[in-house]
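Colleague: One structure coming up, written as C-alpha cells, with questions to follow.
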Amino acid sequence: MTSRALVPFGLLFPALLVMVLSGVIPAAFVAFYSVHDTFSGNSFVWVGAEWYVSVLSSREFWWAFARSLGFSALVLAVEVPLGIYIALRLPPAGPLAAIYIVLLAIPLLAPAIVVGYLWKVLSTPGIGLLSGLAGIFGLSYDMNNPVVVWATLLLMDAWHWTSLVVLLCYAGLRAIPDAYYQAARIDGASPWAVFRHIQLPKLRLVLLIAILLRLMDSFMIYAEAYVVTRGGPGVSTTFLSHELIQTATIQFDLGEGGAMAIIYLGIVLAVSWTFFTLIVPRRRGLA
C-alpha cells in the first residue's frame with residue numbers, strides 16, 4: 001500500500017481516536033461494572049449475570065421502558081407529520097426561504113439543559129406563559145396532572161426538535177428534479193397526488209434518517225424532562241434514562257447501573273436496527 005493510499009486513514013485517525021477515548025473505553029468500564037459487585041468503589045467481586053437478571057426482573061425497569069417507548073411514539077407521531085407539512089409550506093428559494101431556515105435552526109442550537117429550564121419557567125403554575133394561556137381558554141393547567149405533564153413535555157420536544165425534521169425534509173424536497181413537477185402539471189395532478197406519488201416517495205430515505213435520529217434521541221431524553229418534571233408527578237415521567245441515573249449515581253449501585261446501561265444500549269440498537277432493516281429494502285424501488 002502506497003503512502004498516498006494511507007492518507008485517508010491518517011485523516012480519519014483523530015476522529016477514530018476521539019471515538020475510542022469517548023465511547024469504547026467508557027463502554028468497556030461499564031461492561032466491567034455490570035458483571036461485578038463493588039465495595040467502597042475499589043474492591044470488585046465477580047457476580048456474572050446476576051445484575052442483568054435483577055434488572056430484567058424489575059418491574060420498575062419495564063415500566064420506565066414502556067414510558068420511554070410511549071414518549072418516543074408520541075414524539076414521532078407529532079413531529080414527523082408536522083415537519084413534513086412545514087417543509088412543504090416553506091418557499092422553495094429566495095431571501096424569505098433563507099430567513100425561515102435560520103429561524104427554524106435557532107431551537108436546535110439551544111442545549112438540552114437550557115431548553116429544560118426555559119420550559120420549566122413557561123410551565124410554572126400561576127406565572128408561566130402556558131398557565132396564562134390555559135386560563136384564557138378556561139382550562140386548568142395543573143402540573144400534578146400526568147396528562148398535562150406529558151402534553152407539556154411533548155410540546156417542549158416538538159418546539160426543540162421539529163425543526164430538524166423540517167430542515168431534512170426541506171433539503172429532500174429541493175433535491176427532487178423539476179421534471180417530475182412538470183409531468184404532474186401536464187397530467188393535471190392535484191396537490192395531494194403530487195405529494196403522494198412524487199414528494200413522499202422521494203422523501204422516504206430522508207424521513208428514515210429523521211425518524212431514526214428522533215427515535216434514538218427521544219428514547220434517551222433526560223435533561224429536559226428531569227428539569228421540568230423531576231420524574232413526576234409520582235413516577236409518570238420517570239423514563240428509562242432517569243431510572244438509570246437514579247440507580248448508578250444517586251443509589252451508587254454501579255453493578256446494577258452498568259447492567260442497566262448495557263441493556264439500555266442493546267434496546268436502542270435493536271429498535272433502531274429493526275426499524276432500519278424494515279425500511280431500507282424499499283430503497284431499490286425508490287430510484
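Residue numbers start at 1 in each chain; chains themselves are named A, B, ... in the order of the C-alpha cells; ligands are numbered from 1 in the order shown.
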List every residue of segment 79-199 of chain A that DSSP, applied to the backbone, labels as alpha helix (DSSP H), and write the result as a compact mmCIF listing (two decimals) with C-alpha atoms, in the first residue's frame.

Modeller:
# COMPACT_ATOMS: atom_id res chain seq x y z
CA GLU A 79 -43.02 15.83 14.83
CA VAL A 80 -42.74 13.86 11.59
CA PRO A 81 -46.11 14.89 10.06
CA LEU A 82 -45.68 18.44 11.38
CA GLY A 83 -42.15 18.66 9.97
CA ILE A 84 -43.29 17.44 6.55
CA TYR A 85 -46.15 19.94 6.49
CA ILE A 86 -43.94 22.90 7.42
CA ALA A 87 -41.31 21.88 4.86
CA LEU A 88 -43.98 21.77 2.15
CA ARG A 89 -45.20 25.25 3.10
CA PRO A 95 -34.32 35.54 0.76
CA LEU A 96 -37.51 34.64 2.59
CA ALA A 97 -36.61 30.95 2.50
CA ALA A 98 -33.18 31.72 3.98
CA ILE A 99 -34.79 33.74 6.80
CA TYR A 100 -37.19 30.90 7.62
CA ILE A 101 -34.36 28.35 7.68
CA VAL A 102 -32.31 30.49 10.07
CA LEU A 103 -35.30 30.96 12.38
CA LEU A 104 -36.06 27.24 12.32
CA ALA A 105 -32.47 26.40 13.21
CA ILE A 106 -32.49 28.52 16.38
CA PRO A 107 -34.20 25.93 18.66
CA LEU A 108 -31.72 23.29 17.50
CA LEU A 109 -28.84 25.40 18.82
CA ALA A 112 -30.90 20.47 26.37
CA ILE A 113 -30.44 21.91 29.86
CA VAL A 114 -31.32 25.41 28.62
CA VAL A 115 -34.46 24.07 26.92
CA GLY A 116 -35.42 22.35 30.16
CA TYR A 117 -35.13 25.48 32.29
CA LEU A 118 -36.87 27.59 29.64
CA TRP A 119 -39.89 25.29 29.66
CA LYS A 120 -39.68 24.99 33.45
CA VAL A 121 -40.36 28.72 33.62
CA LEU A 122 -43.06 28.56 30.93
CA LEU A 129 -46.99 31.57 29.91
CA LEU A 130 -48.61 28.15 29.44
CA SER A 131 -50.59 28.57 32.64
CA GLY A 132 -51.77 32.01 31.48
CA LEU A 133 -52.80 30.72 28.05
CA ALA A 134 -54.72 27.84 29.62
CA GLY A 135 -56.52 30.34 31.87
CA ILE A 136 -57.59 32.43 28.86
CA PRO A 146 -49.92 13.37 34.38
CA VAL A 147 -51.80 14.21 31.17
CA VAL A 148 -50.85 17.88 31.45
CA VAL A 149 -47.22 16.99 32.23
CA TRP A 150 -46.95 14.64 29.26
CA ALA A 151 -48.53 17.25 26.98
CA THR A 152 -46.01 19.81 28.23
CA LEU A 153 -43.06 17.51 27.58
CA LEU A 154 -44.40 16.68 24.12
CA LEU A 155 -44.86 20.37 23.31
CA MET A 156 -41.35 21.11 24.59
CA ASP A 157 -39.78 18.37 22.49
CA ALA A 158 -41.76 19.41 19.41
CA TRP A 159 -40.54 23.00 19.81
CA HIS A 160 -36.96 21.84 20.20
CA TRP A 161 -36.69 19.16 17.51
CA THR A 162 -39.39 19.56 14.85
CA SER A 163 -37.02 21.94 13.06
CA LEU A 164 -34.64 19.02 12.44
CA VAL A 165 -37.36 17.13 10.56
CA VAL A 166 -38.29 20.32 8.68
CA LEU A 167 -34.74 21.01 7.52
CA LEU A 168 -34.14 17.42 6.42
CA CYS A 169 -37.44 17.27 4.52
CA TYR A 170 -36.85 20.70 3.00
CA ALA A 171 -33.47 19.57 1.67
CA GLY A 172 -35.08 16.41 0.30
CA LEU A 173 -37.81 18.38 -1.45
CA ARG A 174 -35.30 20.72 -3.05
CA ASP A 178 -38.37 19.83 -11.58
CA ALA A 179 -39.16 17.43 -14.44
CA TYR A 180 -41.37 15.43 -12.07
CA TYR A 181 -43.47 18.51 -11.29
CA GLN A 182 -43.68 19.44 -14.96
CA ALA A 183 -45.00 15.98 -15.81
CA ALA A 184 -47.53 16.23 -12.97
CA ARG A 185 -48.80 19.59 -14.23
CA ILE A 186 -49.20 18.18 -17.74
CA PRO A 191 -51.51 18.73 -4.94
CA TRP A 192 -52.37 15.61 -2.94
CA ALA A 193 -51.46 13.38 -5.90
CA VAL A 194 -48.14 15.23 -6.31

Colleague: So that I can check the secondary structure, give me every residue of segment 30-208 of chain A assigned strand (DSSP E or B) by backbone DSSP, as a ChimeraX atom specification.

Modeller: /A:36-39,43-46

Colleague: Limited to all heavy atoms, could you put the picked residues into a file as a PDB file, in the first residue's frame?

Modeller:
ATOM      1  N   HIS A  36     -19.714  -7.231  37.955  1.00  0.00           N
ATOM      2  CA  HIS A  36     -19.033  -7.229  39.251  1.00  0.00           C
ATOM      3  C   HIS A  36     -19.895  -6.512  40.283  1.00  0.00           C
ATOM      4  O   HIS A  36     -20.713  -5.648  39.945  1.00  0.00           O
ATOM      5  CB  HIS A  36     -17.669  -6.523  39.164  1.00  0.00           C
ATOM      6  CG  HIS A  36     -16.642  -7.283  38.397  1.00  0.00           C
ATOM      7  ND1 HIS A  36     -16.567  -7.260  37.023  1.00  0.00           N
ATOM      8  CD2 HIS A  36     -15.629  -8.111  38.816  1.00  0.00           C
ATOM      9  CE1 HIS A  36     -15.563  -8.019  36.619  1.00  0.00           C
ATOM     10  NE2 HIS A  36     -14.976  -8.546  37.684  1.00  0.00           N
ATOM     11  N   ASP A  37     -19.674  -6.848  41.515  1.00  0.00           N
ATOM     12  CA  ASP A  37     -20.197  -6.080  42.637  1.00  0.00           C
ATOM     13  C   ASP A  37     -19.024  -5.324  43.225  1.00  0.00           C
ATOM     14  O   ASP A  37     -17.897  -5.836  43.257  1.00  0.00           O
ATOM     15  CB  ASP A  37     -20.832  -7.000  43.684  1.00  0.00           C
ATOM     16  CG  ASP A  37     -21.746  -6.243  44.610  1.00  0.00           C
ATOM     17  OD1 ASP A  37     -21.880  -5.006  44.446  1.00  0.00           O
ATOM     18  OD2 ASP A  37     -22.343  -6.883  45.502  1.00  0.00           O
ATOM     19  N   THR A  38     -19.293  -4.091  43.661  1.00  0.00           N
ATOM     20  CA  THR A  38     -18.194  -3.261  44.136  1.00  0.00           C
ATOM     21  C   THR A  38     -18.426  -2.863  45.586  1.00  0.00           C
ATOM     22  O   THR A  38     -19.562  -2.640  46.006  1.00  0.00           O
ATOM     23  CB  THR A  38     -18.040  -1.993  43.265  1.00  0.00           C
ATOM     24  OG1 THR A  38     -16.976  -1.184  43.787  1.00  0.00           O
ATOM     25  CG2 THR A  38     -19.322  -1.176  43.243  1.00  0.00           C
ATOM     26  N   PHE A  39     -17.332  -2.770  46.326  1.00  0.00           N
ATOM     27  CA  PHE A  39     -17.378  -2.356  47.715  1.00  0.00           C
ATOM     28  C   PHE A  39     -16.392  -1.206  47.889  1.00  0.00           C
ATOM     29  O   PHE A  39     -15.209  -1.314  47.535  1.00  0.00           O
ATOM     30  CB  PHE A  39     -17.003  -3.514  48.647  1.00  0.00           C
ATOM     31  CG  PHE A  39     -17.900  -4.710  48.501  1.00  0.00           C
ATOM     32  CD1 PHE A  39     -17.542  -5.753  47.653  1.00  0.00           C
ATOM     33  CD2 PHE A  39     -19.104  -4.786  49.184  1.00  0.00           C
ATOM     34  CE1 PHE A  39     -18.368  -6.864  47.513  1.00  0.00           C
ATOM     35  CE2 PHE A  39     -19.930  -5.890  49.049  1.00  0.00           C
ATOM     36  CZ  PHE A  39     -19.566  -6.925  48.207  1.00  0.00           C
ATOM     37  N   SER A  43     -13.094  -2.233  45.321  1.00  0.00           N
ATOM     38  CA  SER A  43     -12.998  -3.676  45.508  1.00  0.00           C
ATOM     39  C   SER A  43     -14.121  -4.325  44.718  1.00  0.00           C
ATOM     40  O   SER A  43     -15.299  -4.033  44.946  1.00  0.00           O
ATOM     41  CB  SER A  43     -13.124  -4.028  47.001  1.00  0.00           C
ATOM     42  OG  SER A  43     -13.089  -5.422  47.180  1.00  0.00           O
ATOM     43  N   PHE A  44     -13.750  -5.212  43.780  1.00  0.00           N
ATOM     44  CA  PHE A  44     -14.728  -5.776  42.862  1.00  0.00           C
ATOM     45  C   PHE A  44     -14.810  -7.292  43.045  1.00  0.00           C
ATOM     46  O   PHE A  44     -13.784  -7.966  43.191  1.00  0.00           O
ATOM     47  CB  PHE A  44     -14.358  -5.447  41.418  1.00  0.00           C
ATOM     48  CG  PHE A  44     -14.371  -3.967  41.116  1.00  0.00           C
ATOM     49  CD1 PHE A  44     -13.217  -3.203  41.244  1.00  0.00           C
ATOM     50  CD2 PHE A  44     -15.550  -3.346  40.727  1.00  0.00           C
ATOM     51  CE1 PHE A  44     -13.232  -1.849  40.974  1.00  0.00           C
ATOM     52  CE2 PHE A  44     -15.571  -1.996  40.452  1.00  0.00           C
ATOM     53  CZ  PHE A  44     -14.416  -1.242  40.579  1.00  0.00           C
ATOM     54  N   VAL A  45     -16.027  -7.804  43.031  1.00  0.00           N
ATOM     55  CA  VAL A  45     -16.280  -9.236  43.156  1.00  0.00           C
ATOM     56  C   VAL A  45     -17.096  -9.673  41.952  1.00  0.00           C
ATOM     57  O   VAL A  45     -18.128  -9.084  41.628  1.00  0.00           O
ATOM     58  CB  VAL A  45     -17.046  -9.558  44.451  1.00  0.00           C
ATOM     59  CG1 VAL A  45     -17.356 -11.056  44.525  1.00  0.00           C
ATOM     60  CG2 VAL A  45     -16.249  -9.114  45.664  1.00  0.00           C
ATOM     61  N   TRP A  46     -16.649 -10.722  41.282  1.00  0.00           N
ATOM     62  CA  TRP A  46     -17.340 -11.224  40.093  1.00  0.00           C
ATOM     63  C   TRP A  46     -18.704 -11.804  40.479  1.00  0.00           C
ATOM     64  O   TRP A  46     -18.818 -12.629  41.373  1.00  0.00           O
ATOM     65  CB  TRP A  46     -16.480 -12.299  39.432  1.00  0.00           C
ATOM     66  CG  TRP A  46     -17.185 -13.026  38.304  1.00  0.00           C
ATOM     67  CD1 TRP A  46     -17.893 -14.180  38.388  1.00  0.00           C
ATOM     68  CD2 TRP A  46     -17.238 -12.624  36.938  1.00  0.00           C
ATOM     69  NE1 TRP A  46     -18.391 -14.539  37.159  1.00  0.00           N
ATOM     70  CE2 TRP A  46     -18.008 -13.589  36.244  1.00  0.00           C
ATOM     71  CE3 TRP A  46     -16.710 -11.546  36.225  1.00  0.00           C
ATOM     72  CZ2 TRP A  46     -18.255 -13.511  34.884  1.00  0.00           C
ATOM     73  CZ3 TRP A  46     -16.965 -11.468  34.866  1.00  0.00           C
ATOM     74  CH2 TRP A  46     -17.714 -12.436  34.213  1.00  0.00           C
TER      75      TRP A  46
END

Colleague: Counting only C-alpha atoms, which residue out of A:Glu243, A:Leu213, A:Asn144, A:Phe61 sits closest to Phe275 of chain A?

Modeller: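 Selected residue with least distance to Phe275 of chain A: A:Leu213.
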
Colleague: For segment 233-241 of chain A, work out the shell of residues within 9 Å, counting only C-alpha atoms and skipping chain neighbours fewer than 3 positions away, then give it as a compact mmCIF listing (two decimals) with C-alpha atoms, in the first residue's frame.

Modeller:
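Wrote it out as out24.txt, contents follow:
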# COMPACT_ATOMS: atom_id res chain seq x y z
CA PHE A 61 -37.29 -1.10 34.75
CA TRP A 62 -40.04 -2.33 32.42
CA TRP A 63 -42.44 0.42 33.41
CA ALA A 64 -39.73 3.01 32.73
CA PHE A 65 -39.03 1.30 29.40
CA ALA A 66 -42.75 1.48 28.50
CA ARG A 67 -42.87 5.19 29.35
CA SER A 68 -39.77 5.89 27.25
CA LEU A 69 -41.13 3.94 24.29
CA PHE A 71 -42.93 9.06 24.66
CA MET A 143 -48.63 20.14 36.67
CA ASN A 144 -49.78 17.48 39.13
CA ASN A 145 -51.89 16.01 36.35
CA PRO A 146 -49.92 13.37 34.38
CA VAL A 149 -47.22 16.99 32.23
CA TRP A 150 -46.95 14.64 29.26
CA PHE A 219 -35.84 7.44 23.75
CA MET A 220 -32.78 8.70 25.62
CA ILE A 221 -34.30 12.01 26.79
CA TYR A 222 -33.08 13.03 30.23
CA ALA A 225 -37.67 16.13 31.19
CA TYR A 226 -35.84 15.95 34.52
CA THR A 229 -40.86 17.37 36.00
CA ARG A 230 -38.21 15.65 38.18
CA LEU A 244 -30.50 4.57 35.08
CA ILE A 245 -29.17 7.81 36.59
CA GLN A 246 -31.05 7.15 39.82
CA ALA A 261 -26.78 0.77 30.80
CA TYR A 264 -30.40 0.20 27.58

Colleague: When distances are computed from only C-alpha atoms, which of A:Ser58, A:Ser218, A:Gln199, A:Thr274 shows the smallest separation from Val75 of chain A?

Modeller: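 Ranked by minimum distance to Val75 of chain A, first place goes to A:Ser218.
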
Colleague: Identify, on the basis of only C-alpha atoms, every residue whose closest approach to Ala259 of chain A does not exceed 7 Å; exclude the query and any residue fewer than 3 positions from it along the same chain; express the result as JSON, numbers by chain.

Modeller: {"A": [34, 51, 52, 255, 256, 262, 263]}

Colleague: Filtering to C-alpha atoms, could you give me those residues as a PDB file, in the first residue's frame?

Modeller:
ATOM      1  CA  SER A  34     -22.085  -4.857  35.040  1.00  0.00           C
ATOM      2  CA  TRP A  51     -27.169  -7.822  37.827  1.00  0.00           C
ATOM      3  CA  TYR A  52     -28.688  -8.465  34.405  1.00  0.00           C
ATOM      4  CA  GLY A 255     -23.072  -3.019  39.090  1.00  0.00           C
ATOM      5  CA  GLU A 256     -26.818  -2.736  38.599  1.00  0.00           C
ATOM      6  CA  ILE A 262     -25.742  -2.230  28.673  1.00  0.00           C
ATOM      7  CA  ILE A 263     -29.363  -3.377  28.375  1.00  0.00           C
TER       8      ILE A 263
END
